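Enquirer: One structure coming up, written as structure tokens, with questions to follow.
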Amino acid sequence: MTLMTEARVAAVPGRAAAQRPNRMRAWATRAPLLPALIFMIVVTQLPFVATLVISFLDWNALYPDERRFAGFANYVEVLSDPALRKSVWTTILLTVTVVLVSLLLGLVLALLLDRRFRGRAAVRTMLIAPFLLVPIAAALMWKHLLFNPEYGLFNGILHAIGGEGAIQPDWISEMPLMAVEASLIWQWTPFMMLILLAGLQSRDPQLIEAARMDGASDWQVFVHITLPHLRRYIELGLLLGSIYIVQNFDAVFTLTSGGLGTANLPYTIYQTFYQAHENGLASAAGVIVVIGSIVLATFALRVVSSLFREEVSR
Amino acid sequence: MASVATTAPRRSRPGRLRGAVLGVVTWLVGLVFVLPILWMALTSFHSEADAATNPPSVAAALTLEGYREFFGLTGGAAPWPALLNSLTASLVSTLLTLLLALPAAYALSIRPVKKWTDVLFFFLSTKMLPLVAALLPIYLFAKNAGLLDNVWTLVVLYTAMNLPIAVWMMQSFLSEVPVAIIEAAQLDGARLPTVLGRVIAPIALPGIAATALICFIFSWNELMFARVLTGVVAETAPVFLTTFITSQGLFLAKVCAASLVISLPVLAAGFAAQDKLVQGLSLGAVK
């Protein structure tokens, strides 16, 4: 378990020099790349340009004849409409909570799993399982099987322990955002655990052995060797987790249908154009998500690229 | 605790005790995490009446009622068309992804083009942009082109969705192929398709298989595009599941059966690709 790829890259200059500066030859090397590159640009980049254009239009799909240029009016509306502004805040809150909690839990689980004990492979498999449920199936499970106030497992357990007088909360109505967060944390903790476990297993065992010889305690090894080594894996988990969770649609759609103050931006955008038919407004909200993601992605790319270059220079 | 004693002979007695305790704790945490899924599996084999009791009826009689209901044997919509659509969208898009990613990864690893890292990072950056922002133009385009409710629209979108991951993963797998073998084949007059198919593919096959499994999982799971772009004809399995969101009355065993059956391909693919899962999910950044 090492990071990125390795010595081959060191051989690149030699290989490049061996190629004659021949134009035909250059195109022949580029040719295999072109189908994928063109496909990506057409399918993923053109729609973003279209979104940008539509975001400056006053365009309700129910009144197509009244489409006109609106300048920044949609952006002003997105940022001033209380419901839309709330969804920006909800997105941030949801993402930060889910990412931080699942990262912490993932770290604990990775540390527990990075030891020898009987049945380790079985426990690892059990811990990965939540991540391998279809997201909407997992959300349905939380909604009906666990959270249901009348026959859900949580209230069933409370009833079994507390008897007749046990509290029976209506989880989703009473704590809607936490309900969504809980289901997402359950699904994303395995992801964090896998990344951090890969980090733990790429530590230099000799370094730890040497530190132990010098009398370092477990805690000292953790703070002075393990944590600094894990730093970039933690960053990677934080950033990739954020990128995936910001885009979450399934859990919000299934557990609360965006009600009770849980509508995040992806759900709001979906609703704005799919149900309210406000194309311009939805696009402006889309552009705002893109800008937020670019900020995240810039940091994420920097981390990935530092891992990448470290391997290249090795 | 014989295994602890043999693996860590130098550990002192309190150390060994602590190791045993931590092992038990890990087991407990693992069980807590997997418990909802086990409970879902158990409930799927209960009758609807037994599934919806409080406190829960753990030892109720087992039945296939829920599965019969889900598969439409007792009337109601059968899930087969949805499962078939999901299978088509996932398998064909995975195949397309591999067909596009394999040559691209070749150009980025074995015979790297100039500025190959820039190209690699371009692919990665497209994965980081939120798909929801592209939803509206894609919907409008599909509507005007008469491509709504068409499973092939999903095939194209899922291919684009997975291509960056596939290029990154394959790039790192292909770089493990020794250059000398490729050069030898080329000296013997082998052209690019032959080199790709006969020389590189066999060596990189385990990596390619893992890439395919991960692309399959992401396509199978996708809900938002399928929900917006499909209707009755092309609905996928996750869209089929949305009918359970607001269901009332006794349907818990049926939901559990449906959720489990629809998750089975992902569970199977995920466990098959377990060792390479991190690499795929971290877009190739962690091996």
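Residue numbering restarts at 1 in every chain; chains get A, B, ... in the order shown in the structure tokens, and ligands count up from 1 in that same order.
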Can you check which residues of chain B have any atom within 7 Å of chain A? Use only C-alpha atoms and format it as a PDB file with C-alpha atoms, in the first residue's frame.

Expert:
ATOM      1  CA  VAL B   4      -1.826 -13.367  19.889  1.00  0.00           C
ATOM      2  CA  GLY B  23     -10.011  -7.267  19.565  1.00  0.00           C
ATOM      3  CA  THR B  26     -13.359  -4.109  17.287  1.00  0.00           C
ATOM      4  CA  TRP B  27     -15.671  -7.068  16.846  1.00  0.00           C
ATOM      5  CA  GLY B  30     -18.098  -4.155  13.461  1.00  0.00           C
ATOM      6  CA  PHE B  33     -22.121  -1.273  11.914  1.00  0.00           C
ATOM      7  CA  VAL B  34     -23.433  -4.351  10.158  1.00  0.00           C
ATOM      8  CA  ALA B  52     -43.988  -4.164  11.934  1.00  0.00           C
ATOM      9  CA  THR B  53     -44.158  -4.992  15.627  1.00  0.00           C
ATOM     10  CA  ASN B  54     -42.865  -3.008  18.574  1.00  0.00           C
ATOM     11  CA  PRO B  55     -40.875  -4.372  20.337  1.00  0.00           C
ATOM     12  CA  PRO B  56     -39.418  -6.200  17.322  1.00  0.00           C
ATOM     13  CA  LEU B 100     -12.203   4.854 -23.924  1.00  0.00           C
ATOM     14  CA  ALA B 101     -10.029   4.711 -20.818  1.00  0.00           C
ATOM     15  CA  PRO B 103      -6.095   3.805 -24.854  1.00  0.00           C
ATOM     16  CA  ALA B 104      -6.145   7.075 -22.902  1.00  0.00           C
ATOM     17  CA  ALA B 107      -1.097   7.515 -23.759  1.00  0.00           C
ATOM     18  CA  ARG B 111       4.059   6.305 -24.041  1.00  0.00           C
ATOM     19  CA  VAL B 113       2.368  12.476 -24.334  1.00  0.00           C
ATOM     20  CA  SER B 125     -11.000  17.953 -12.115  1.00  0.00           C
ATOM     21  CA  MET B 128     -14.870  17.115  -8.849  1.00  0.00           C
ATOM     22  CA  LEU B 129     -17.484  19.326 -10.459  1.00  0.00           C
ATOM     23  CA  PRO B 130     -20.953  18.689  -9.090  1.00  0.00           C
ATOM     24  CA  VAL B 132     -26.196  18.498 -10.394  1.00  0.00           C
ATOM     25  CA  ALA B 133     -24.999  21.688 -12.119  1.00  0.00           C
ATOM     26  CA  ALA B 134     -25.061  19.874 -15.469  1.00  0.00           C
ATOM     27  CA  PRO B 137     -28.821  21.476 -19.709  1.00  0.00           C
ATOM     28  CA  ILE B 138     -28.602  17.707 -20.096  1.00  0.00           C
ATOM     29  CA  ALA B 160     -18.717  10.285 -18.704  1.00  0.00           C
ATOM     30  CA  SER B 172      -1.581   3.548 -12.394  1.00  0.00           C
ATOM     31  CA  SER B 175       2.443   1.948 -15.424  1.00  0.00           C
ATOM     32  CA  ASN B 221     -26.106   3.267  -7.677  1.00  0.00           C
ATOM     33  CA  LEU B 223     -30.239   7.945  -8.813  1.00  0.00           C
ATOM     34  CA  MET B 224     -30.472  11.650  -9.650  1.00  0.00           C
ATOM     35  CA  PRO B 238     -32.848   2.855  -7.844  1.00  0.00           C
ATOM     36  CA  ILE B 245     -40.258   6.475  -0.165  1.00  0.00           C
ATOM     37  CA  SER B 259     -33.396  -3.034  -1.053  1.00  0.00           C
ATOM     38  CA  SER B 263     -27.992  -3.999  -3.516  1.00  0.00           C
ATOM     39  CA  VAL B 266     -23.084  -3.895  -5.618  1.00  0.00           C
ATOM     40  CA  LEU B 267     -22.254  -5.994  -2.558  1.00  0.00           C
ATOM     41  CA  GLY B 270     -17.630  -4.437  -3.937  1.00  0.00           C
ATOM     42  CA  VAL B 278      -9.686   2.446  -1.921  1.00  0.00           C
ATOM     43  CA  GLY B 284      -6.155   6.516  -7.780  1.00  0.00           C
ATOM     44  CA  ALA B 285      -4.471   8.722  -5.183  1.00  0.00           C
ATOM     45  CA  VAL B 286      -4.094   5.946  -2.611  1.00  0.00           C
ATOM     46  CA  LYS B 287      -2.944   2.523  -3.588  1.00  0.00           C
TER      47      LYS B 287
END

Enquirer: DSSP on the backbone: what in segment 21-256 of chain A comes out strand (DSSP E or B), as an MDAnalysis selection string?

Expert: chainID A and resid 57:58 60 68:69

Enquirer: Please, could you write that set of residues out with N, CA and C atoms as an mmCIF file, in the first residue's frame?

Expert:
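Result went into out-v6.cif, see below:
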data_model
loop_
_atom_site.group_PDB
_atom_site.id
_atom_site.type_symbol
_atom_site.label_atom_id
_atom_site.label_comp_id
_atom_site.auth_asym_id
_atom_site.auth_seq_id
_atom_site.Cartn_x
_atom_site.Cartn_y
_atom_site.Cartn_z
ATOM 1 N N LEU A 57 -30.397 34.064 -17.676
ATOM 2 C CA LEU A 57 -31.692 34.253 -18.337
ATOM 3 C C LEU A 57 -32.815 34.198 -17.305
ATOM 4 N N ASP A 58 -33.866 34.996 -17.572
ATOM 5 C CA ASP A 58 -35.096 34.858 -16.811
ATOM 6 C C ASP A 58 -35.937 33.852 -17.582
ATOM 7 N N ASN A 60 -38.652 30.689 -17.149
ATOM 8 C CA ASN A 60 -39.487 29.670 -16.522
ATOM 9 C C ASN A 60 -40.002 28.765 -17.625
ATOM 10 N N ARG A 68 -35.906 35.879 -21.338
ATOM 11 C CA ARG A 68 -35.127 37.068 -21.687
ATOM 12 C C ARG A 68 -33.891 37.155 -20.799
ATOM 13 N N PHE A 69 -32.952 38.045 -21.222
ATOM 14 C CA PHE A 69 -31.715 38.242 -20.473
ATOM 15 C C PHE A 69 -32.014 38.900 -19.133
#

Enquirer: Excluding same-chain residues fewer than 6 positions from Ser44 of chain B, what lies within 10 Å of it counting only C-alpha atoms, as a VMD selection string?

Expert: chain B and resid 38 51 62 to 67 252 to 260
